[in-house]
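S.K.: Please find query24.pdb (PDB, C-alpha atoms) on the next line:
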```
ATOM      1  CA  MET A   1     -37.710 -17.961 -58.384
ATOM      2  CA  LYS A   2     -38.017 -14.805 -60.478
ATOM      3  CA  THR A   3     -40.895 -12.503 -59.631
ATOM      4  CA  ARG A   4     -43.396 -11.934 -62.421
ATOM      5  CA  LYS A   5     -47.058 -11.075 -62.907
ATOM      6  CA  LEU A   6     -49.149 -14.113 -63.707
ATOM      7  CA  SER A   7     -51.843 -14.308 -66.372
ATOM      8  CA  TYR A   8     -55.220 -16.026 -66.259
ATOM      9  CA  THR A   9     -55.642 -19.570 -67.503
ATOM     10  CA  ALA A  10     -57.652 -20.033 -70.678
ATOM     11  CA  TYR A  11     -60.817 -20.376 -68.664
ATOM     12  CA  THR A  12     -60.746 -16.784 -67.504
ATOM     13  CA  SER A  13     -61.452 -15.460 -70.985
ATOM     14  CA  PHE A  14     -65.072 -16.408 -70.239
ATOM     15  CA  ILE A  15     -65.507 -14.052 -67.303
ATOM     16  CA  THR A  16     -65.117 -10.344 -66.627
ATOM     17  CA  TYR A  17     -62.634  -9.942 -63.880
ATOM     18  CA  MET A  18     -63.404  -7.421 -61.191
ATOM     19  CA  SER A  19     -60.493  -4.999 -61.069
ATOM     20  CA  GLY A  20     -59.322  -3.334 -57.912
ATOM     21  CA  ILE A  21     -60.568  -3.832 -54.408
ATOM     22  CA  GLN A  22     -64.162  -2.883 -53.662
ATOM     23  CA  GLY A  23     -65.352  -0.808 -50.773
ATOM     24  CA  LYS A  24     -63.620   0.507 -47.706
ATOM     25  CA  MET A  25     -62.837  -1.256 -44.487
ATOM     26  CA  THR A  26     -65.599  -0.653 -41.960
ATOM     27  CA  ARG A  27     -64.550  -2.925 -39.150
ATOM     28  CA  SER A  28     -63.954  -1.248 -35.799
ATOM     29  CA  THR A  29     -60.862  -3.374 -35.181
ATOM     30  CA  ARG A  30     -57.848  -1.905 -36.941
ATOM     31  CA  PRO A  31     -56.789  -4.200 -39.817
ATOM     32  CA  GLY A  32     -53.816  -6.439 -39.233
ATOM     33  CA  ARG A  33     -53.851  -6.186 -35.422
ATOM     34  CA  VAL A  34     -53.529  -9.440 -33.495
ATOM     35  CA  THR A  35     -52.638 -10.398 -29.946
ATOM     36  CA  LEU A  36     -48.967 -10.166 -29.053
ATOM     37  CA  ALA A  37     -48.799 -13.915 -28.432
ATOM     38  CA  ARG A  38     -50.205 -14.563 -31.886
ATOM     39  CA  ALA A  39     -47.856 -11.976 -33.407
ATOM     40  CA  LEU A  40     -44.818 -13.835 -32.032
ATOM     41  CA  SER A  41     -46.214 -17.006 -33.547
ATOM     42  CA  LYS A  42     -46.785 -15.319 -36.922
ATOM     43  CA  LEU A  43     -43.236 -13.980 -36.838
ATOM     44  CA  GLY A  44     -41.973 -17.516 -36.322
ATOM     45  CA  LEU A  45     -40.443 -16.755 -32.910
ATOM     46  CA  ALA A  46     -42.470 -19.186 -30.791
ATOM     47  CA  SER A  47     -45.721 -21.101 -30.641
ATOM     48  CA  ARG A  48     -48.624 -19.216 -29.063
ATOM     49  CA  THR A  49     -48.243 -21.202 -25.836
ATOM     50  CA  GLU A  50     -44.501 -20.549 -25.724
ATOM     51  CA  ALA A  51     -45.043 -16.877 -26.582
ATOM     52  CA  ARG A  52     -47.520 -16.445 -23.738
ATOM     53  CA  ALA A  53     -45.043 -17.938 -21.264
ATOM     54  CA  LEU A  54     -42.208 -15.734 -22.551
ATOM     55  CA  ILE A  55     -44.329 -12.598 -22.229
ATOM     56  CA  LEU A  56     -45.550 -13.428 -18.720
ATOM     57  CA  ALA A  57     -41.940 -14.096 -17.700
ATOM     58  CA  GLY A  58     -40.983 -10.564 -18.784
ATOM     59  CA  ARG A  59     -38.581 -11.819 -21.461
ATOM     60  CA  VAL A  60     -40.212 -10.000 -24.397
ATOM     61  CA  ARG A  61     -39.743  -6.350 -25.339
ATOM     62  CA  VAL A  62     -41.848  -4.541 -27.930
ATOM     63  CA  ASP A  63     -40.377  -1.321 -29.323
ATOM     64  CA  GLY A  64     -37.933  -1.299 -26.402
ATOM     65  CA  ARG A  65     -40.501  -1.762 -23.629
ATOM     66  CA  VAL A  66     -41.091  -4.895 -21.596
ATOM     67  CA  ALA A  67     -44.371  -6.511 -22.682
ATOM     68  CA  VAL A  68     -46.565  -7.875 -19.882
ATOM     69  CA  ASP A  69     -49.858  -8.693 -21.602
ATOM     70  CA  PRO A  70     -50.036 -11.607 -24.102
ATOM     71  CA  ALA A  71     -53.438 -10.313 -25.235
ATOM     72  CA  ALA A  72     -52.215  -6.798 -26.106
ATOM     73  CA  ARG A  73     -53.039  -6.077 -29.749
ATOM     74  CA  VAL A  74     -50.238  -5.185 -32.141
ATOM     75  CA  THR A  75     -49.513  -5.113 -35.857
ATOM     76  CA  PRO A  76     -46.722  -7.686 -36.356
ATOM     77  CA  GLU A  77     -45.020  -6.003 -39.292
ATOM     78  CA  ARG A  78     -44.905  -2.636 -37.482
ATOM     79  CA  ILE A  79     -43.225  -3.624 -34.208
ATOM     80  CA  ALA A  80     -39.642  -4.298 -33.179
ATOM     81  CA  VAL A  81     -39.506  -7.415 -30.996
ATOM     82  CA  SER A  82     -36.698  -8.733 -28.838
ATOM     83  CA  ILE A  83     -36.577 -11.858 -26.685
ATOM     84  CA  ASP A  84     -33.956 -12.040 -23.938
ATOM     85  CA  GLY A  85     -32.326  -8.968 -25.471
ATOM     86  CA  GLN A  86     -32.030 -10.487 -28.952
ATOM     87  CA  THR A  87     -33.756  -8.266 -31.522
ATOM     88  CA  ARG A  88     -35.717  -9.877 -34.268
ATOM     89  CA  ALA A  89     -35.314  -7.830 -37.469
ATOM     90  CA  ARG A  90     -38.443  -7.097 -39.440
ATOM     91  CA  ASP A  91     -38.780  -9.198 -42.564
ATOM     92  CA  ALA A  92     -39.390  -7.609 -45.923
ATOM     93  CA  ARG A  93     -42.982  -7.900 -47.093
ATOM     94  CA  ARG A  94     -43.589 -11.177 -48.898
ATOM     95  CA  VAL A  95     -46.485 -12.510 -50.959
ATOM     96  CA  LEU A  96     -46.239 -16.075 -52.190
ATOM     97  CA  LEU A  97     -48.646 -17.667 -54.686
ATOM     98  CA  PHE A  98     -49.011 -21.425 -54.336
ATOM     99  CA  HIS A  99     -50.827 -24.090 -56.342
ATOM    100  CA  LYS A 100     -52.391 -26.244 -53.615
ATOM    101  CA  PRO A 101     -52.425 -29.935 -54.548
ATOM    102  CA  ARG A 102     -55.458 -32.099 -53.822
ATOM    103  CA  GLY A 103     -55.292 -33.927 -50.494
ATOM    104  CA  THR A 104     -53.304 -31.298 -48.583
ATOM    105  CA  VAL A 105     -54.643 -29.459 -45.536
ATOM    106  CA  THR A 106     -54.512 -25.666 -45.200
ATOM    107  CA  THR A 107     -52.947 -25.566 -41.765
ATOM    108  CA  ARG A 108     -49.470 -25.500 -40.300
ATOM    109  CA  ARG A 109     -49.871 -28.702 -38.285
ATOM    110  CA  ASP A 110     -52.555 -31.362 -38.653
ATOM    111  CA  PRO A 111     -53.479 -33.448 -35.581
ATOM    112  CA  GLN A 112     -54.495 -36.306 -37.887
ATOM    113  CA  GLY A 113     -51.057 -36.396 -39.462
ATOM    114  CA  ARG A 114     -52.215 -35.446 -42.950
ATOM    115  CA  ARG A 115     -49.873 -33.610 -45.301
ATOM    116  CA  THR A 116     -50.203 -29.840 -44.978
ATOM    117  CA  VAL A 117     -49.534 -27.021 -47.413
ATOM    118  CA  PHE A 118     -46.634 -25.967 -45.172
ATOM    119  CA  ASP A 119     -45.129 -29.453 -45.538
ATOM    120  CA  VAL A 120     -45.080 -28.839 -49.302
ATOM    121  CA  LEU A 121     -43.644 -25.321 -48.980
ATOM    122  CA  GLY A 122     -40.940 -26.292 -46.512
ATOM    123  CA  ALA A 123     -38.543 -23.447 -45.727
ATOM    124  CA  ALA A 124     -40.293 -21.168 -48.236
ATOM    125  CA  GLY A 125     -43.312 -20.994 -45.919
ATOM    126  CA  ALA A 126     -41.402 -19.853 -42.833
ATOM    127  CA  GLY A 127     -42.951 -16.737 -41.310
ATOM    128  CA  LEU A 128     -45.915 -16.773 -43.703
ATOM    129  CA  ILE A 129     -49.627 -17.242 -43.071
ATOM    130  CA  ALA A 130     -52.216 -18.644 -45.462
ATOM    131  CA  VAL A 131     -54.808 -16.088 -46.561
ATOM    132  CA  GLY A 132     -58.058 -18.002 -46.299
ATOM    133  CA  ARG A 133     -58.344 -21.726 -46.903
ATOM    134  CA  LEU A 134     -59.101 -24.398 -49.450
ATOM    135  CA  ASP A 135     -60.552 -27.648 -48.163
ATOM    136  CA  LEU A 136     -58.845 -31.031 -48.431
ATOM    137  CA  ALA A 137     -60.323 -31.947 -51.817
ATOM    138  CA  SER A 138     -60.003 -28.488 -53.408
ATOM    139  CA  THR A 139     -57.038 -27.344 -55.496
ATOM    140  CA  GLY A 140     -55.634 -24.159 -56.955
ATOM    141  CA  LEU A 141     -54.466 -20.769 -55.786
ATOM    142  CA  LEU A 142     -53.530 -20.135 -52.177
ATOM    143  CA  VAL A 143     -52.001 -16.798 -51.194
ATOM    144  CA  PHE A 144     -49.416 -16.677 -48.391
ATOM    145  CA  THR A 145     -47.990 -13.527 -46.839
ATOM    146  CA  ASN A 146     -46.271 -12.097 -43.779
ATOM    147  CA  ASP A 147     -48.343  -8.903 -44.122
ATOM    148  CA  THR A 148     -51.329  -9.168 -41.774
ATOM    149  CA  GLN A 149     -52.901  -6.002 -43.198
ATOM    150  CA  LEU A 150     -52.918  -7.538 -46.678
ATOM    151  CA  ALA A 151     -54.407 -10.742 -45.271
ATOM    152  CA  HIS A 152     -57.147  -8.722 -43.573
ATOM    153  CA  ARG A 153     -57.903  -6.752 -46.735
ATOM    154  CA  LEU A 154     -58.257  -9.893 -48.832
ATOM    155  CA  THR A 155     -60.470 -11.748 -46.369
ATOM    156  CA  ASP A 156     -62.616  -8.953 -44.926
ATOM    157  CA  PRO A 157     -66.256  -9.577 -46.036
ATOM    158  CA  ASP A 158     -66.821  -5.813 -46.280
ATOM    159  CA  ALA A 159     -64.161  -5.576 -48.998
ATOM    160  CA  ALA A 160     -65.910  -8.250 -51.128
ATOM    161  CA  VAL A 161     -62.640  -9.322 -52.758
ATOM    162  CA  PRO A 162     -63.525 -11.711 -55.624
ATOM    163  CA  ARG A 163     -62.418 -15.337 -55.675
ATOM    164  CA  THR A 164     -62.772 -17.187 -58.987
ATOM    165  CA  TYR A 165     -63.095 -20.954 -59.341
ATOM    166  CA  VAL A 166     -63.445 -23.649 -61.968
ATOM    167  CA  VAL A 167     -66.199 -25.910 -60.645
ATOM    168  CA  THR A 168     -67.402 -29.319 -61.843
ATOM    169  CA  VAL A 169     -70.727 -30.734 -60.654
ATOM    170  CA  ARG A 170     -72.809 -33.810 -61.409
ATOM    171  CA  GLY A 171     -75.753 -33.342 -63.765
ATOM    172  CA  ARG A 172     -76.832 -30.561 -66.095
ATOM    173  CA  VAL A 173     -76.912 -27.079 -64.545
ATOM    174  CA  ALA A 174     -79.655 -24.986 -66.123
ATOM    175  CA  GLU A 175     -79.370 -21.255 -66.742
ATOM    176  CA  ASP A 176     -82.224 -20.707 -64.283
ATOM    177  CA  THR A 177     -80.211 -22.505 -61.606
ATOM    178  CA  ALA A 178     -77.157 -20.356 -62.322
ATOM    179  CA  ARG A 179     -79.216 -17.182 -61.977
ATOM    180  CA  SER A 180     -80.778 -18.464 -58.746
ATOM    181  CA  ILE A 181     -77.317 -19.004 -57.300
ATOM    182  CA  GLU A 182     -76.376 -15.440 -58.246
ATOM    183  CA  ARG A 183     -79.506 -14.110 -56.530
ATOM    184  CA  GLY A 184     -78.780 -16.156 -53.424
ATOM    185  CA  ILE A 185     -80.010 -19.322 -51.728
ATOM    186  CA  ASP A 186     -80.277 -19.791 -47.946
ATOM    187  CA  GLY A 187     -77.982 -16.859 -47.243
ATOM    188  CA  LEU A 188     -75.340 -17.959 -49.768
ATOM    189  CA  SER A 189     -74.722 -16.522 -53.222
ATOM    190  CA  ALA A 190     -72.212 -16.182 -56.043
ATOM    191  CA  LYS A 191     -71.245 -12.929 -57.720
ATOM    192  CA  ALA A 192     -71.202 -14.602 -61.137
ATOM    193  CA  VAL A 193     -71.880 -18.081 -62.544
ATOM    194  CA  GLU A 194     -70.812 -18.894 -66.105
ATOM    195  CA  ILE A 195     -71.822 -22.276 -67.521
ATOM    196  CA  ARG A 196     -68.870 -23.463 -69.584
ATOM    197  CA  LYS A 197     -70.225 -26.864 -70.563
ATOM    198  CA  ALA A 198     -73.312 -28.815 -69.531
ATOM    199  CA  SER A 199     -74.470 -32.369 -70.166
ATOM    200  CA  SER A 200     -76.667 -34.897 -68.398
ATOM    201  CA  ARG A 201     -73.510 -36.378 -66.885
ATOM    202  CA  GLU A 202     -71.790 -33.234 -65.542
ATOM    203  CA  SER A 203     -71.423 -29.495 -65.886
ATOM    204  CA  HIS A 204     -68.341 -27.265 -65.896
ATOM    205  CA  LEU A 205     -68.655 -23.705 -64.625
ATOM    206  CA  ILE A 206     -66.694 -20.580 -63.800
ATOM    207  CA  VAL A 207     -67.922 -19.205 -60.463
ATOM    208  CA  THR A 208     -66.886 -15.984 -58.751
ATOM    209  CA  LEU A 209     -67.576 -15.470 -55.054
ATOM    210  CA  ALA A 210     -67.349 -12.202 -53.140
ATOM    211  CA  GLU A 211     -66.804 -13.906 -49.791
ATOM    212  CA  GLY A 212     -65.077 -17.066 -48.591
ATOM    213  CA  LYS A 213     -67.627 -18.794 -46.374
ATOM    214  CA  ASN A 214     -66.937 -22.370 -45.295
ATOM    215  CA  ARG A 215     -67.628 -24.824 -48.170
ATOM    216  CA  GLU A 216     -69.824 -22.166 -49.809
ATOM    217  CA  LEU A 217     -69.581 -23.541 -53.348
ATOM    218  CA  ARG A 218     -70.347 -27.114 -52.335
ATOM    219  CA  ARG A 219     -73.301 -26.021 -50.199
ATOM    220  CA  LEU A 220     -74.737 -23.788 -52.941
ATOM    221  CA  PHE A 221     -74.747 -26.455 -55.625
ATOM    222  CA  GLU A 222     -75.814 -29.273 -53.329
ATOM    223  CA  THR A 223     -78.836 -27.170 -52.344
ATOM    224  CA  CYS A 224     -79.711 -27.121 -56.047
ATOM    225  CA  GLY A 225     -79.310 -30.903 -56.348
ATOM    226  CA  HIS A 226     -75.826 -30.956 -57.880
ATOM    227  CA  GLU A 227     -72.945 -32.733 -56.166
ATOM    228  CA  VAL A 228     -69.661 -30.865 -56.543
ATOM    229  CA  THR A 229     -66.831 -33.097 -57.748
ATOM    230  CA  ARG A 230     -64.128 -30.478 -58.324
ATOM    231  CA  VAL A 231     -63.271 -27.041 -56.951
ATOM    232  CA  HIS A 232     -60.199 -25.337 -58.409
ATOM    233  CA  ARG A 233     -59.401 -21.699 -57.559
ATOM    234  CA  ILE A 234     -57.772 -19.685 -60.343
ATOM    235  CA  ALA A 235     -57.823 -16.148 -58.898
ATOM    236  CA  PHE A 236     -58.058 -14.339 -55.569
ATOM    237  CA  GLY A 237     -58.348 -10.565 -55.808
ATOM    238  CA  GLU A 238     -55.466  -9.236 -57.881
ATOM    239  CA  TYR A 239     -53.556 -12.531 -57.663
ATOM    240  CA  GLU A 240     -53.810 -15.234 -60.337
ATOM    241  CA  LEU A 241     -52.785 -18.880 -60.526
ATOM    242  CA  GLY A 242     -51.531 -18.657 -64.088
ATOM    243  CA  GLU A 243     -49.477 -21.649 -65.200
ATOM    244  CA  LEU A 244     -48.300 -22.839 -61.788
ATOM    245  CA  GLN A 245     -48.471 -26.629 -61.478
ATOM    246  CA  PRO A 246     -49.657 -28.457 -58.330
ATOM    247  CA  GLY A 247     -47.099 -27.985 -55.549
ATOM    248  CA  GLN A 248     -45.349 -25.077 -57.284
ATOM    249  CA  TRP A 249     -45.130 -21.519 -55.965
ATOM    250  CA  ILE A 250     -43.799 -18.136 -56.939
ATOM    251  CA  GLU A 251     -43.056 -14.879 -55.128
ATOM    252  CA  ALA A 252     -45.409 -12.101 -56.264
ATOM    253  CA  ASN A 253     -44.962  -8.324 -56.252
TER     254      ASN A 253
END
```
Just give me the structure as structure tokens.

M.R.:
Amino acid sequence: MKTRKLSYTAYTSFITYMSGIQGKMTRSTRPGRVTLARALSKLGLASRTEARALILAGRVRVDGRVAVDPAARVTPERIAVSIDGQTRARDARRVLLFHKPRGTVTTRRDPQGRRTVFDVLGAAGAGLIAVGRLDLASTGLLVFTNDTQLAHRLTDPDAAVPRTYVVTVRGRVAEDTARSIERGIDGLSAKAVEIRKASSRESHLIVTLAEGKNRELRRLFETCGHEVTRVHRIAFGEYELGELQPGQWIEAN
């Protein structure tokens, strides 16, 4: 598919989008570094278990040297790997934007046999990792990449990369409730909450988070007495869902 920059959906005219990436990395671990066994898995060369066995058997070379420690930390996109003398060429950097359909799991393999996002992507997902997750019932933008440094930058809490969602909840959300959520409740908070429509039956909101904690949106609103019935992500950092339909994807710059 042709690469192009995506635009916001109509909803995003109601929010001010945070441009750029905030803050500097402060983690002591260098961004993008993973264990060698995990790196081989990310590169699509072997499962982690298989990779560990290959390394311990002395069959893996990294930058020309025999690797002996599966736990050695490396940056996958910066190393030259060979197995049994066969060199694995480095892939070009890829970023893929995907519209996750409802009912799919953000994992490569699901022990319960549910359909995964990688089942939908098929060959297009080879060698890619999902940046963050959306739960089973949530829909919208998922970012995939083979660049572990990019994945780290987008998900590092210190960077506070914004994630923007269309959220539907039961009942009328008051302005006071929206402001309380922005201030924070029980250690959770939203960067911005915009009430798009509110009635006694349900409310529609645009919510921007600065961190991707597990089920953060659902927990925030449920604490305020509002059951969340829909979570749909429309932007993650500089990447936007645009007009992609469920199950569709596009390569991004």

S.K.: Hey, what's within 7 Å of range 201-210 of chain A if we count all atoms listed in the file and toss same-chain stuff fewer than 4 positions away? As a VMD selection string, please?

M.R.: chain A and resid 160 to 173 190 to 197

S.K.: Quick one: of A:Gly225, A:Pro70, A:Pro101, A:Gly127, who's nearest to Gln248 in chain A, counting all atoms listed in the file?

M.R.: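 When distances to Gln248 in chain A are compared using all atoms listed in the file, the smallest one comes from A:Pro101.
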
S.K.: Which residues match the PyMOL selection byres ((chain A and resi 151-157) around 8) in the file above, as a PyMOL selection string?

M.R.: chain A and resi 25+31-32+131-132+145+147-150+158-161+210-212+237

S.K.: Tell me, in Å to one decimal, how far CA of Ala137 in chain A is from CA of Glu251 in chain A.

M.R.: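 About the pair CA of Ala137 in chain A and CA of Glu251 in chain A: they are 24.5 Å apart.
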
S.K.: Quote the spacing between CA of Lys100 in chain A and CA of Leu217 in chain A in Å to one decimal place.

M.R.: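 Computing the Euclidean distance for CA of Lys100 in chain A and CA of Leu217 in chain A yields 17.4 Å.
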
S.K.: Quick one, how far is CA of Asp186 in chain A from CA of Cys224 in chain A?

M.R.: 10.9 Å

S.K.: Measuring between only C-alpha atoms, which one of A:Glu216, A:Glu222, A:Glu227, A:Asp176 shows the shortest distance to Asp135 in chain A?

M.R.: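 The answer is A:Glu216, which sits nearest to Asp135 in chain A.
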
S.K.: Between A:Val228, A:Ser82, A:Ser47, A:Ala198, which one has atoms that come closest to Arg109 in chain A, using only C-alpha atoms?

M.R.: A:Ser47
